[in-house]
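Structure, as structure tokens:
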Amino acid sequence: MAKKRSIFDRYTVNEKYIITRGKALTFPAMQFNVPLKEDDVYGVVVDMPMTPTVLVTLVCYINGAANLYFNLGGDYSGSASRYRAVAQAAHNFVKGCTGFVKECEKTTKYDLPIGGTHYVYMLTKNGTHKISIAPTAIPAEDKTRRIIFNMYNSVMNELRTAQLKDQAAGIETGIN
């Protein structure tokens, strides 16, 4: 009898996902033609467990790019170029994270989450900063985690709307 997966097991990932996630986490600031201070966030990578076997990584950059990558190889990318609302939500999320960098821990480790915890990596010229968010257990007084969670959920909502529009228009979304 097969062992039932637990939310505490590590996720199975494929090579494409590992490479894409790695590139996202190390994307250089110089690629964006915007003035940035040392602690200005120019990119955010959010690892979100969806089920015991599905992990999605949201990648947003200061230019409004917003892409989703799945642990088993699927992706949804390019919608920010088609839908202004996606680009605006992604840009607002990245800009908004700058105010929270000092409340995050600086890191050089990019572990995948276990359990239901989301890992949020904020990219700055001064390095990567990380904060963990347990969406079902954010204390009411923890405004930092609540605001960050709401910001990336706003991006996710816009991406979902874009995906539905793409499906209606017959555009391949890369996700089922």
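To be explicit about the labels: the chains of the structure tokens are called A, B, and onward in the order shown, and within each one the residues are counted from 1, while ligands get numbers from 1 in the order they are shown.
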
Report the closest atom pair, with its distance in Å rounded to one decimal, for each residue of region 58-109 of chain A that has an atom no farther than 6 Å from region 140-161 of chain A; count only C-alpha atoms, sort by chain and then rising residue number, and write it as a Markdown table.
| residue | atom | partner | partner_atom | distance |
| --- | --- | --- | --- | --- |
| A:Val86 | CA | A:Glu158 | CA | 5.3 |
| A:Ala89 | CA | A:Val155 | CA | 5.2 |
| A:Ala90 | CA | A:Val155 | CA | 5.7 |
| A:Phe93 | CA | A:Met151 | CA | 5.4 |

For those residues, write N, CA and C atoms to a file as a PDB file, in the first residue's frame.
ATOM      1  N   VAL A  86      -2.569  42.915 -13.984  1.00  0.00           N
ATOM      2  CA  VAL A  86      -1.552  41.998 -13.460  1.00  0.00           C
ATOM      3  C   VAL A  86      -0.258  42.761 -13.209  1.00  0.00           C
ATOM      4  N   ALA A  89      -0.613  45.141 -10.177  1.00  0.00           N
ATOM      5  CA  ALA A  89      -0.618  44.425  -8.893  1.00  0.00           C
ATOM      6  C   ALA A  89       0.781  43.931  -8.540  1.00  0.00           C
ATOM      7  N   ALA A  90       1.506  43.400  -9.532  1.00  0.00           N
ATOM      8  CA  ALA A  90       2.872  42.912  -9.286  1.00  0.00           C
ATOM      9  C   ALA A  90       3.794  44.060  -8.894  1.00  0.00           C
ATOM     10  N   PHE A  93       3.014  45.222  -5.380  1.00  0.00           N
ATOM     11  CA  PHE A  93       3.497  44.243  -4.410  1.00  0.00           C
ATOM     12  C   PHE A  93       4.993  44.418  -4.169  1.00  0.00           C
TER      13      PHE A  93
END

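The residue set within 12 Å of Asp166 (chain A), counting only C-alpha atoms and dropping same-chain residues fewer than 3 places from it, reads Tyr76, Ser77, Gly78, Ser79, Ala80, Arg82, Tyr83, Leu159, Arg160, Thr161, Ala162, Gln163, Ala169, Gly170, Ile171, Glu172, Thr173, Gly174 and Ile175 of chain A.
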
Mind writing the picked residues with N, CA and C atoms as a tab-separated table (two decimals), in the first residue's frame?
chain	number	residue	atom	x	y	z
A	76	TYR	N	2.75	29.58	-15.68
A	76	TYR	CA	1.86	30.57	-16.28
A	76	TYR	C	2.63	31.87	-16.29
A	77	SER	N	3.03	32.29	-17.48
A	77	SER	CA	3.87	33.48	-17.58
A	77	SER	C	3.44	34.34	-18.76
A	78	GLY	N	3.84	35.60	-18.72
A	78	GLY	CA	3.57	36.52	-19.82
A	78	GLY	C	2.28	37.30	-19.72
A	79	SER	N	1.46	37.02	-18.73
A	79	SER	CA	0.15	37.69	-18.66
A	79	SER	C	0.27	39.18	-18.33
A	80	ALA	N	1.33	39.59	-17.67
A	80	ALA	CA	1.51	41.01	-17.34
A	80	ALA	C	1.64	41.85	-18.61
A	82	ARG	N	-0.05	41.26	-21.27
A	82	ARG	CA	-1.38	41.30	-21.88
A	82	ARG	C	-2.40	42.03	-21.01
A	83	TYR	N	-2.19	42.03	-19.70
A	83	TYR	CA	-3.20	42.58	-18.77
A	83	TYR	C	-2.56	43.58	-17.81
A	159	LEU	N	-3.79	37.29	-11.49
A	159	LEU	CA	-3.32	36.21	-12.35
A	159	LEU	C	-4.43	35.22	-12.66
A	160	ARG	N	-5.26	34.92	-11.68
A	160	ARG	CA	-6.38	33.99	-11.91
A	160	ARG	C	-7.37	34.60	-12.91
A	161	THR	N	-7.67	35.88	-12.76
A	161	THR	CA	-8.56	36.55	-13.71
A	161	THR	C	-7.96	36.53	-15.11
A	162	ALA	N	-6.66	36.80	-15.20
A	162	ALA	CA	-5.97	36.78	-16.50
A	162	ALA	C	-6.00	35.38	-17.10
A	163	GLN	N	-5.79	34.37	-16.28
A	163	GLN	CA	-5.82	32.99	-16.77
A	163	GLN	C	-7.19	32.66	-17.34
A	169	ALA	N	-10.11	33.11	-24.43
A	169	ALA	CA	-9.60	33.57	-25.73
A	169	ALA	C	-8.84	32.46	-26.48
A	170	GLY	N	-8.74	31.29	-25.86
A	170	GLY	CA	-8.02	30.19	-26.50
A	170	GLY	C	-6.52	30.26	-26.39
A	171	ILE	N	-6.01	31.08	-25.46
A	171	ILE	CA	-4.57	31.20	-25.24
A	171	ILE	C	-4.15	30.12	-24.27
A	172	GLU	N	-3.13	29.35	-24.62
A	172	GLU	CA	-2.62	28.28	-23.76
A	172	GLU	C	-2.06	28.88	-22.48
A	173	THR	N	-2.51	28.37	-21.33
A	173	THR	CA	-2.07	28.93	-20.05
A	173	THR	C	-0.98	28.12	-19.39
A	174	GLY	N	-0.75	26.91	-19.81
A	174	GLY	CA	0.32	26.11	-19.21
A	174	GLY	C	-0.07	25.45	-17.90
A	175	ILE	N	-1.28	25.72	-17.42
A	175	ILE	CA	-1.77	25.09	-16.20
A	175	ILE	C	-3.14	24.50	-16.46

Checklist entry - Counting only C-alpha atoms, what is within 8 Å of Thr12 (chain A), bar same-chain residues fewer than 3 positions away, as a PyMOL selection string? => result chain A and resi 53+71-72

Would you output that residue set with C-alpha atoms, as a PDB file, in the first residue's frame?
ATOM      1  CA  THR A  53       1.958  17.467  -3.730  1.00  0.00           C
ATOM      2  CA  ASN A  71       7.039  22.146  -8.824  1.00  0.00           C
ATOM      3  CA  LEU A  72       6.267  19.514 -11.453  1.00  0.00           C
TER       4      LEU A  72
END

Checklist entry - In terms of the shortest atom-to-atom distance over only C-alpha atoms, which of A:Glu105, A:Glu15, A:Asp111, A:Asp40 is closest to Lys125 (chain A)? => result A:Asp40

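Looking only at region 86-134 of chain A, the set that DSSP places in helix (DSSP H, G or I) from backbone geometry is Val86, Ala87, Gln88, Ala89, Ala90, His91, Asn92, Phe93, Val94, Lys95, Gly96, Cys97, Thr98, Gly99, Phe100, Val101, Lys102 and Glu103 of chain A.
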
As a compact mmCIF listing (two decimals) with N, CA, C and O atoms, in the first residue's frame, which residues of region 12-159 of chain A does DSSP assign to strand (DSSP E)?
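The new file result_7.txt reads:
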# COMPACT_ATOMS: atom_id res chain seq x y z
N VAL A 41 13.35 46.89 -2.72
CA VAL A 41 13.02 45.57 -3.28
C VAL A 41 12.77 45.72 -4.78
O VAL A 41 12.03 46.61 -5.20
N TYR A 42 13.41 44.88 -5.57
CA TYR A 42 13.19 44.89 -7.01
C TYR A 42 12.54 43.60 -7.50
O TYR A 42 12.09 43.50 -8.64
N GLY A 43 12.49 42.61 -6.63
CA GLY A 43 11.84 41.34 -6.98
C GLY A 43 11.40 40.60 -5.75
O GLY A 43 12.00 40.76 -4.68
N VAL A 44 10.33 39.82 -5.89
CA VAL A 44 9.83 39.01 -4.77
C VAL A 44 9.50 37.62 -5.31
O VAL A 44 8.84 37.48 -6.35
N VAL A 45 9.96 36.61 -4.60
CA VAL A 45 9.69 35.22 -4.94
C VAL A 45 8.94 34.61 -3.75
O VAL A 45 9.43 34.64 -2.63
N VAL A 46 7.74 34.09 -4.02
CA VAL A 46 6.90 33.53 -2.96
C VAL A 46 6.65 32.06 -3.25
O VAL A 46 6.06 31.72 -4.28
N ASP A 47 7.10 31.19 -2.35
CA ASP A 47 6.83 29.76 -2.46
C ASP A 47 5.59 29.44 -1.64
O ASP A 47 5.55 29.70 -0.43
N MET A 48 4.56 28.90 -2.32
CA MET A 48 3.28 28.64 -1.66
C MET A 48 2.84 27.19 -1.84
O MET A 48 2.50 26.79 -2.95
N PRO A 49 2.85 26.41 -0.77
CA PRO A 49 2.28 25.06 -0.87
C PRO A 49 0.78 25.18 -1.13
O PRO A 49 0.08 25.96 -0.48
N LEU A 55 3.29 22.59 -5.25
CA LEU A 55 3.93 23.80 -4.76
C LEU A 55 3.97 24.79 -5.92
O LEU A 55 4.36 24.44 -7.03
N VAL A 56 3.52 26.01 -5.67
CA VAL A 56 3.57 27.04 -6.70
C VAL A 56 4.50 28.15 -6.22
O VAL A 56 4.54 28.47 -5.03
N THR A 57 5.27 28.69 -7.15
CA THR A 57 6.16 29.80 -6.84
C THR A 57 5.72 30.99 -7.68
O THR A 57 5.65 30.91 -8.90
N LEU A 58 5.40 32.07 -6.99
CA LEU A 58 5.03 33.34 -7.62
C LEU A 58 6.29 34.19 -7.70
O LEU A 58 6.98 34.37 -6.69
N VAL A 59 6.58 34.70 -8.90
CA VAL A 59 7.75 35.56 -9.08
C VAL A 59 7.27 36.89 -9.64
O VAL A 59 6.62 36.93 -10.68
N CYS A 60 7.56 37.98 -8.91
CA CYS A 60 7.17 39.32 -9.34
C CYS A 60 8.40 40.23 -9.34
O CYS A 60 9.26 40.11 -8.46
N TYR A 61 8.43 41.15 -10.31
CA TYR A 61 9.53 42.10 -10.39
C TYR A 61 9.00 43.52 -10.47
O TYR A 61 7.82 43.75 -10.78
N ALA A 66 4.91 39.16 -13.60
CA ALA A 66 4.34 38.26 -12.59
C ALA A 66 4.15 36.90 -13.24
O ALA A 66 3.38 36.77 -14.19
N ASN A 67 4.85 35.90 -12.72
CA ASN A 67 4.79 34.56 -13.30
C ASN A 67 4.60 33.53 -12.20
O ASN A 67 5.04 33.73 -11.07
N LEU A 68 3.96 32.42 -12.57
CA LEU A 68 3.77 31.30 -11.66
C LEU A 68 4.53 30.09 -12.20
O LEU A 68 4.47 29.80 -13.40
N TYR A 69 5.22 29.38 -11.31
CA TYR A 69 5.94 28.18 -11.67
C TYR A 69 5.53 27.07 -10.71
O TYR A 69 5.43 27.30 -9.51
N PHE A 70 5.29 25.88 -11.27
CA PHE A 70 4.82 24.75 -10.48
C PHE A 70 5.92 23.70 -10.33
O PHE A 70 6.69 23.47 -11.26
N ASP A 75 3.84 26.15 -15.87
CA ASP A 75 4.03 27.56 -15.53
C ASP A 75 2.92 28.38 -16.17
O ASP A 75 2.22 27.92 -17.06
N TYR A 76 2.75 29.58 -15.68
CA TYR A 76 1.86 30.57 -16.28
C TYR A 76 2.63 31.87 -16.29
O TYR A 76 2.91 32.45 -15.24
N GLU A 105 14.56 38.50 7.73
CA GLU A 105 15.93 38.04 7.98
C GLU A 105 16.68 37.95 6.66
O GLU A 105 16.14 37.53 5.64
N LYS A 106 17.92 38.40 6.68
CA LYS A 106 18.76 38.28 5.49
C LYS A 106 19.14 36.81 5.34
O LYS A 106 19.43 36.14 6.32
N THR A 107 19.13 36.32 4.09
CA THR A 107 19.40 34.91 3.88
C THR A 107 20.17 34.66 2.59
O THR A 107 20.12 35.46 1.66
N HIS A 118 4.27 29.62 3.84
CA HIS A 118 4.74 30.28 2.63
C HIS A 118 6.06 30.96 2.93
O HIS A 118 6.21 31.57 3.99
N TYR A 119 7.01 30.89 2.00
CA TYR A 119 8.28 31.59 2.14
C TYR A 119 8.29 32.74 1.15
O TYR A 119 8.07 32.55 -0.04
N VAL A 120 8.56 33.94 1.65
CA VAL A 120 8.61 35.14 0.83
C VAL A 120 10.05 35.64 0.82
O VAL A 120 10.60 35.97 1.87
N TYR A 121 10.65 35.65 -0.38
CA TYR A 121 12.02 36.12 -0.55
C TYR A 121 11.98 37.47 -1.26
O TYR A 121 11.44 37.58 -2.36
N MET A 122 12.56 38.49 -0.63
CA MET A 122 12.61 39.83 -1.20
C MET A 122 14.03 40.11 -1.70
O MET A 122 14.98 40.03 -0.92
N LEU A 123 14.15 40.43 -2.97
CA LEU A 123 15.45 40.66 -3.59
C LEU A 123 15.79 42.15 -3.54
O LEU A 123 15.00 42.98 -3.96
N THR A 124 16.98 42.47 -3.01
CA THR A 124 17.47 43.84 -2.97
C THR A 124 18.92 43.84 -3.44
O THR A 124 19.56 42.78 -3.53
N GLY A 127 21.18 42.15 -1.00
CA GLY A 127 20.97 40.73 -0.70
C GLY A 127 19.50 40.37 -0.65
O GLY A 127 18.61 41.19 -0.89
N THR A 128 19.25 39.11 -0.30
CA THR A 128 17.89 38.57 -0.24
C THR A 128 17.44 38.51 1.21
O THR A 128 18.20 38.12 2.09
N HIS A 129 16.19 38.89 1.42
CA HIS A 129 15.59 38.88 2.75
C HIS A 129 14.37 37.97 2.73
O HIS A 129 13.64 37.93 1.74
N LYS A 130 14.16 37.24 3.82
CA LYS A 130 13.11 36.22 3.86
C LYS A 130 12.18 36.44 5.06
O LYS A 130 12.62 36.81 6.14
N ILE A 131 10.91 36.15 4.80
CA ILE A 131 9.93 36.11 5.88
C ILE A 131 9.04 34.91 5.63
O ILE A 131 8.72 34.60 4.48
N SER A 132 8.67 34.19 6.67
CA SER A 132 7.78 33.04 6.57
C SER A 132 6.39 33.46 7.00
O SER A 132 6.24 34.20 7.97
N ILE A 133 5.39 32.97 6.28
CA ILE A 133 4.01 33.31 6.59
C ILE A 133 3.19 32.03 6.64
O ILE A 133 3.17 31.26 5.67

Next on the checklist: Quick check, in Å to one decimal: how far apart do CA of Lys37 (chain A) and CA of Asn63 (chain A) lie?
Outcome noted: 15.8 Å

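A straight line drawn from CA of Thr98 (chain A) to CA of Pro113 (chain A) is 22.6 Å long.
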